[in-house]
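Engineer: Let me give you the structure first, and then I'll get to my questions.
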Amino acid sequence: MVAPPPNLTTVSGTVLARRPSETLPDWDVVRLAVDDVAAVPGLRDLVGPNLRQPSGVDDDAGAPEVVLAVRRELLGDVAPGWRLRCRVRLTPNGAMAEPHPAPSDIELEPPGQRPPA
């Protein structure tokens with residue numbers, strides 16, 4: 001498989017599921033309902049164009065989702081319902097969060113902490 005070009009995308013949304021990675025020790029796989037995607041200046045956004053609709057949902061309904069690997073140490077107590085913002089790169093093995101992000105490049109928020117819109 002050919003490696004994708006250098007890419008990085010900021011993704012934020014609500015955690016739908018979390019489980020240990022079957023192939024990466026100390027990493028978890030997170031399914032995220034995405035509500036915002038932003039290109040990182042100077043790098044290509046390969047994640048945003050590859051978001052998928054949840055299975056069984058019309059293209060016009062429901063938030064798009066992404067499944068990504070995140071280092072377990074970064075996630076702490078994150079569970080479904082938490083909000084996650086992180087920078088993600090598309091790799092030959094799928095979407096992966098930065099393994100050692102700057103503190104300003106990752107945000108975790110428990111349910112109920114977000115002010116009403």
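In the structure tokens, chains take letters A, B, ... by order of appearance, with residues numbered from 1 within each chain and ligands from 1 in the order shown.
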Could you pull the residues within 8 Å of A:Val11, counting only C-alpha atoms, minus those fewer than 6 positions along the same chain, as a PyMOL selection string?

Structural biologist: chain A and resi 34-38+85-88

Engineer: Please save all heavy atoms of the selected residues as a compact mmCIF listing (two decimals), in the first residue's frame.

Structural biologist:
# COMPACT_ATOMS: atom_id res chain seq x y z
N VAL A 34 -18.76 13.29 14.11
CA VAL A 34 -18.01 14.51 13.81
C VAL A 34 -18.93 15.69 13.57
O VAL A 34 -19.87 15.60 12.78
CB VAL A 34 -17.12 14.28 12.57
CG1 VAL A 34 -16.36 15.55 12.20
CG2 VAL A 34 -16.15 13.13 12.81
N ASP A 35 -18.65 16.80 14.28
CA ASP A 35 -19.42 18.01 14.01
C ASP A 35 -18.55 19.15 13.49
O ASP A 35 -19.06 20.20 13.11
CB ASP A 35 -20.24 18.46 15.23
CG ASP A 35 -19.42 18.63 16.48
OD1 ASP A 35 -18.29 19.15 16.41
OD2 ASP A 35 -19.92 18.24 17.54
N ASP A 36 -17.22 18.95 13.45
CA ASP A 36 -16.37 19.98 12.88
C ASP A 36 -15.07 19.36 12.39
O ASP A 36 -14.50 18.49 13.05
CB ASP A 36 -16.07 21.07 13.91
CG ASP A 36 -15.40 22.29 13.27
OD1 ASP A 36 -15.85 22.71 12.20
OD2 ASP A 36 -14.44 22.80 13.85
N VAL A 37 -14.64 19.82 11.21
CA VAL A 37 -13.38 19.39 10.60
C VAL A 37 -12.70 20.65 10.09
O VAL A 37 -13.34 21.50 9.48
CB VAL A 37 -13.64 18.42 9.42
CG1 VAL A 37 -12.36 18.07 8.71
CG2 VAL A 37 -14.34 17.17 9.89
N ALA A 38 -11.40 20.77 10.34
CA ALA A 38 -10.66 21.93 9.85
C ALA A 38 -9.28 21.49 9.39
O ALA A 38 -8.60 20.72 10.09
CB ALA A 38 -10.53 22.98 10.95
N ARG A 85 -11.60 16.75 20.75
CA ARG A 85 -11.02 17.50 19.63
C ARG A 85 -9.55 17.12 19.58
O ARG A 85 -8.84 17.18 20.59
CB ARG A 85 -11.14 19.01 19.84
CG ARG A 85 -10.55 19.82 18.66
CD ARG A 85 -10.59 21.32 18.89
NE ARG A 85 -9.97 21.74 20.14
CZ ARG A 85 -8.65 21.88 20.32
NH1 ARG A 85 -7.81 21.63 19.34
NH2 ARG A 85 -8.19 22.29 21.50
N CYS A 86 -9.11 16.69 18.39
CA CYS A 86 -7.71 16.31 18.23
C CYS A 86 -7.31 16.46 16.76
O CYS A 86 -8.16 16.67 15.90
CB CYS A 86 -7.46 14.89 18.71
SG CYS A 86 -8.39 13.61 17.84
N ARG A 87 -6.02 16.35 16.52
CA ARG A 87 -5.52 16.42 15.16
C ARG A 87 -5.26 14.99 14.68
O ARG A 87 -4.66 14.19 15.40
CB ARG A 87 -4.27 17.29 15.10
CG ARG A 87 -4.62 18.71 15.50
CD ARG A 87 -3.58 19.77 15.35
NE ARG A 87 -2.21 19.40 15.23
CZ ARG A 87 -1.26 20.23 14.81
NH1 ARG A 87 -1.55 21.48 14.47
NH2 ARG A 87 0.00 19.85 14.75
N VAL A 88 -5.73 14.71 13.48
CA VAL A 88 -5.77 13.35 12.96
C VAL A 88 -5.08 13.31 11.60
O VAL A 88 -5.25 14.20 10.78
CB VAL A 88 -7.24 12.88 12.82
CG1 VAL A 88 -7.33 11.49 12.22
CG2 VAL A 88 -7.94 12.94 14.17

Engineer: Pick out the residues sitting within 10 Å of A:Glu109, and hand them over as a list in words; count only C-alpha atoms, and ignore anything fewer than 3 positions along from it in its own chain.

Structural biologist: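 My list of contacting residues is Thr14, Val78, Gly81, Trp82, Arg83, Leu84, Arg85, Gly112, Gln113 and Arg114 of chain A.
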
Engineer: In chain A, what's helix (DSSP H, G or I) per DSSP? Answer as a list of chain:residue names?

Structural biologist: A:Gly48, A:Pro49, A:Asn50, A:Arg72, A:Glu73, A:Leu74, A:Leu75, A:Pro103, A:Ser104, A:Asp105

Engineer: Once you have the residues from the selection above, write them out as a PDB file, in the first residue's frame, restricted to all heavy atoms.

Structural biologist:
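Contents of selection_1.pdb, freshly written:
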ATOM      1  N   GLY A  48     -11.306  14.811   6.308  1.00  0.00           N
ATOM      2  CA  GLY A  48     -12.621  15.400   6.047  1.00  0.00           C
ATOM      3  C   GLY A  48     -13.329  14.805   4.840  1.00  0.00           C
ATOM      4  O   GLY A  48     -14.490  14.377   4.940  1.00  0.00           O
ATOM      5  N   PRO A  49     -12.657  14.712   3.686  1.00  0.00           N
ATOM      6  CA  PRO A  49     -13.323  14.146   2.510  1.00  0.00           C
ATOM      7  C   PRO A  49     -13.646  12.659   2.633  1.00  0.00           C
ATOM      8  O   PRO A  49     -14.401  12.129   1.830  1.00  0.00           O
ATOM      9  CB  PRO A  49     -12.308  14.377   1.381  1.00  0.00           C
ATOM     10  CG  PRO A  49     -11.412  15.457   1.863  1.00  0.00           C
ATOM     11  CD  PRO A  49     -11.372  15.313   3.361  1.00  0.00           C
ATOM     12  N   ASN A  50     -13.075  11.979   3.628  1.00  0.00           N
ATOM     13  CA  ASN A  50     -13.306  10.542   3.776  1.00  0.00           C
ATOM     14  C   ASN A  50     -14.228  10.184   4.933  1.00  0.00           C
ATOM     15  O   ASN A  50     -14.319   9.022   5.310  1.00  0.00           O
ATOM     16  CB  ASN A  50     -11.957   9.829   3.950  1.00  0.00           C
ATOM     17  CG  ASN A  50     -11.172   9.811   2.673  1.00  0.00           C
ATOM     18  OD1 ASN A  50     -11.581   9.189   1.702  1.00  0.00           O
ATOM     19  ND2 ASN A  50     -10.059  10.529   2.644  1.00  0.00           N
ATOM     20  N   ARG A  72      -4.071   5.559  24.385  1.00  0.00           N
ATOM     21  CA  ARG A  72      -4.905   5.367  25.578  1.00  0.00           C
ATOM     22  C   ARG A  72      -4.574   6.385  26.671  1.00  0.00           C
ATOM     23  O   ARG A  72      -5.465   6.920  27.330  1.00  0.00           O
ATOM     24  CB  ARG A  72      -4.704   3.938  26.098  1.00  0.00           C
ATOM     25  CG  ARG A  72      -5.595   3.560  27.244  1.00  0.00           C
ATOM     26  CD  ARG A  72      -5.538   2.060  27.542  1.00  0.00           C
ATOM     27  NE  ARG A  72      -5.946   1.317  26.363  1.00  0.00           N
ATOM     28  CZ  ARG A  72      -5.230   0.309  25.840  1.00  0.00           C
ATOM     29  NH1 ARG A  72      -4.107  -0.077  26.402  1.00  0.00           N
ATOM     30  NH2 ARG A  72      -5.663  -0.314  24.765  1.00  0.00           N
ATOM     31  N   GLU A  73      -3.319   6.682  26.845  1.00  0.00           N
ATOM     32  CA  GLU A  73      -2.883   7.637  27.877  1.00  0.00           C
ATOM     33  C   GLU A  73      -3.517   9.011  27.670  1.00  0.00           C
ATOM     34  O   GLU A  73      -3.818   9.713  28.633  1.00  0.00           O
ATOM     35  CB  GLU A  73      -1.359   7.753  27.823  1.00  0.00           C
ATOM     36  CG  GLU A  73      -0.773   8.705  28.827  1.00  0.00           C
ATOM     37  CD  GLU A  73       0.741   8.787  28.696  1.00  0.00           C
ATOM     38  OE1 GLU A  73       1.377   7.761  28.393  1.00  0.00           O
ATOM     39  OE2 GLU A  73       1.273   9.880  28.907  1.00  0.00           O
ATOM     40  N   LEU A  74      -3.746   9.404  26.416  1.00  0.00           N
ATOM     41  CA  LEU A  74      -4.355  10.710  26.137  1.00  0.00           C
ATOM     42  C   LEU A  74      -5.832  10.746  26.501  1.00  0.00           C
ATOM     43  O   LEU A  74      -6.373  11.796  26.830  1.00  0.00           O
ATOM     44  CB  LEU A  74      -4.200  11.063  24.655  1.00  0.00           C
ATOM     45  CG  LEU A  74      -2.784  11.274  24.150  1.00  0.00           C
ATOM     46  CD1 LEU A  74      -2.793  11.444  22.630  1.00  0.00           C
ATOM     47  CD2 LEU A  74      -2.152  12.474  24.824  1.00  0.00           C
ATOM     48  N   LEU A  75      -6.493   9.587  26.414  1.00  0.00           N
ATOM     49  CA  LEU A  75      -7.945   9.537  26.600  1.00  0.00           C
ATOM     50  C   LEU A  75      -8.373   9.512  28.062  1.00  0.00           C
ATOM     51  O   LEU A  75      -9.486   9.945  28.381  1.00  0.00           O
ATOM     52  CB  LEU A  75      -8.527   8.329  25.873  1.00  0.00           C
ATOM     53  CG  LEU A  75      -8.467   8.397  24.355  1.00  0.00           C
ATOM     54  CD1 LEU A  75      -8.891   7.059  23.752  1.00  0.00           C
ATOM     55  CD2 LEU A  75      -9.336   9.526  23.835  1.00  0.00           C
ATOM     56  N   PRO A 103      -0.470  20.492  24.103  1.00  0.00           N
ATOM     57  CA  PRO A 103      -1.686  20.606  24.925  1.00  0.00           C
ATOM     58  C   PRO A 103      -2.814  21.378  24.238  1.00  0.00           C
ATOM     59  O   PRO A 103      -3.989  21.077  24.453  1.00  0.00           O
ATOM     60  CB  PRO A 103      -1.207  21.330  26.182  1.00  0.00           C
ATOM     61  CG  PRO A 103       0.246  20.986  26.280  1.00  0.00           C
ATOM     62  CD  PRO A 103       0.737  20.896  24.846  1.00  0.00           C
ATOM     63  N   SER A 104      -2.471  22.329  23.400  1.00  0.00           N
ATOM     64  CA  SER A 104      -3.506  23.112  22.708  1.00  0.00           C
ATOM     65  C   SER A 104      -4.137  22.360  21.535  1.00  0.00           C
ATOM     66  O   SER A 104      -5.133  22.820  20.980  1.00  0.00           O
ATOM     67  CB  SER A 104      -2.916  24.432  22.207  1.00  0.00           C
ATOM     68  OG  SER A 104      -1.871  24.170  21.277  1.00  0.00           O
ATOM     69  N   ASP A 105      -3.585  21.204  21.185  1.00  0.00           N
ATOM     70  CA  ASP A 105      -4.077  20.465  20.018  1.00  0.00           C
ATOM     71  C   ASP A 105      -4.961  19.280  20.371  1.00  0.00           C
ATOM     72  O   ASP A 105      -5.353  18.510  19.504  1.00  0.00           O
ATOM     73  CB  ASP A 105      -2.898  20.002  19.155  1.00  0.00           C
ATOM     74  CG  ASP A 105      -2.194  21.164  18.482  1.00  0.00           C
ATOM     75  OD1 ASP A 105      -2.858  22.182  18.214  1.00  0.00           O
ATOM     76  OD2 ASP A 105      -0.982  21.056  18.227  1.00  0.00           O
TER      77      ASP A 105
END

Engineer: Which is closest to A:Pro110 among A:Val30, A:Leu90, A:Leu68, A:Val15, if we use only C-alpha atoms?

Structural biologist: A:Val15

Engineer: Between atom CA of A:Gly13 and atom CA of A:Ala69, measure the distance and give it in Å to one decimal.

Structural biologist: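 According to the coordinates, atom CA of A:Gly13 and atom CA of A:Ala69 are separated by 14.6 Å.
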
Engineer: Check chain A with DSSP on the backbone and list each residue it calls strand (DSSP E), as number ranges by chain.

Structural biologist: A: 9-20, 27-39, 65-71, 83-91, 94-97, 107-109

Engineer: Write out, as a PDB file, in the first residue's frame, the residues just selected, with C-alpha atoms.

Structural biologist:
ATOM      1  CA  THR A   9      -6.828  17.564  10.078  1.00  0.00           C
ATOM      2  CA  THR A  10      -8.406  18.900  13.263  1.00  0.00           C
ATOM      3  CA  VAL A  11     -11.523  16.866  14.048  1.00  0.00           C
ATOM      4  CA  SER A  12     -14.025  17.397  16.855  1.00  0.00           C
ATOM      5  CA  GLY A  13     -17.176  15.617  17.883  1.00  0.00           C
ATOM      6  CA  THR A  14     -18.866  13.289  20.341  1.00  0.00           C
ATOM      7  CA  VAL A  15     -17.415   9.913  21.285  1.00  0.00           C
ATOM      8  CA  LEU A  16     -19.848   7.148  20.335  1.00  0.00           C
ATOM      9  CA  ALA A  17     -17.710   4.133  21.266  1.00  0.00           C
ATOM     10  CA  ARG A  18     -14.264   3.232  22.568  1.00  0.00           C
ATOM     11  CA  ARG A  19     -12.430  -0.089  22.602  1.00  0.00           C
ATOM     12  CA  PRO A  20      -8.826  -1.297  22.805  1.00  0.00           C
ATOM     13  CA  TRP A  27      -3.945   2.626  21.745  1.00  0.00           C
ATOM     14  CA  ASP A  28      -7.745   2.657  21.703  1.00  0.00           C
ATOM     15  CA  VAL A  29     -10.111   2.853  18.766  1.00  0.00           C
ATOM     16  CA  VAL A  30     -12.668   5.653  19.061  1.00  0.00           C
ATOM     17  CA  ARG A  31     -15.788   6.083  16.922  1.00  0.00           C
ATOM     18  CA  LEU A  32     -16.574   9.794  16.757  1.00  0.00           C
ATOM     19  CA  ALA A  33     -19.725  11.585  15.535  1.00  0.00           C
ATOM     20  CA  VAL A  34     -18.005  14.507  13.812  1.00  0.00           C
ATOM     21  CA  ASP A  35     -19.415  18.013  14.013  1.00  0.00           C
ATOM     22  CA  ASP A  36     -16.367  19.983  12.877  1.00  0.00           C
ATOM     23  CA  VAL A  37     -13.385  19.394  10.597  1.00  0.00           C
ATOM     24  CA  ALA A  38     -10.660  21.930   9.852  1.00  0.00           C
ATOM     25  CA  ALA A  39      -7.553  21.681   7.726  1.00  0.00           C
ATOM     26  CA  GLU A  65     -18.457   9.506  11.639  1.00  0.00           C
ATOM     27  CA  VAL A  66     -14.786   8.688  11.770  1.00  0.00           C
ATOM     28  CA  VAL A  67     -13.063   5.771  13.441  1.00  0.00           C
ATOM     29  CA  LEU A  68      -9.627   6.694  14.725  1.00  0.00           C
ATOM     30  CA  ALA A  69      -6.831   5.314  16.859  1.00  0.00           C
ATOM     31  CA  VAL A  70      -5.864   7.406  19.905  1.00  0.00           C
ATOM     32  CA  ARG A  71      -3.156   6.715  22.484  1.00  0.00           C
ATOM     33  CA  ARG A  83     -16.396  15.524  23.435  1.00  0.00           C
ATOM     34  CA  LEU A  84     -13.025  15.081  21.750  1.00  0.00           C
ATOM     35  CA  ARG A  85     -11.019  17.500  19.631  1.00  0.00           C
ATOM     36  CA  CYS A  86      -7.708  16.313  18.225  1.00  0.00           C
ATOM     37  CA  ARG A  87      -5.516  16.416  15.157  1.00  0.00           C
ATOM     38  CA  VAL A  88      -5.768  13.350  12.956  1.00  0.00           C
ATOM     39  CA  ARG A  89      -3.728  12.012  10.074  1.00  0.00           C
ATOM     40  CA  LEU A  90      -4.838   9.477   7.491  1.00  0.00           C
ATOM     41  CA  THR A  91      -2.401   6.550   7.355  1.00  0.00           C
ATOM     42  CA  GLY A  94      -6.701   4.326   8.871  1.00  0.00           C
ATOM     43  CA  ALA A  95      -7.106   7.552  10.832  1.00  0.00           C
ATOM     44  CA  MET A  96      -4.725   8.117  13.750  1.00  0.00           C
ATOM     45  CA  ALA A  97      -4.608  10.939  16.269  1.00  0.00           C
ATOM     46  CA  GLU A 107      -9.309  18.750  24.147  1.00  0.00           C
ATOM     47  CA  LEU A 108     -11.476  16.375  26.172  1.00  0.00           C
ATOM     48  CA  GLU A 109     -14.783  17.447  27.677  1.00  0.00           C
TER      49      GLU A 109
END
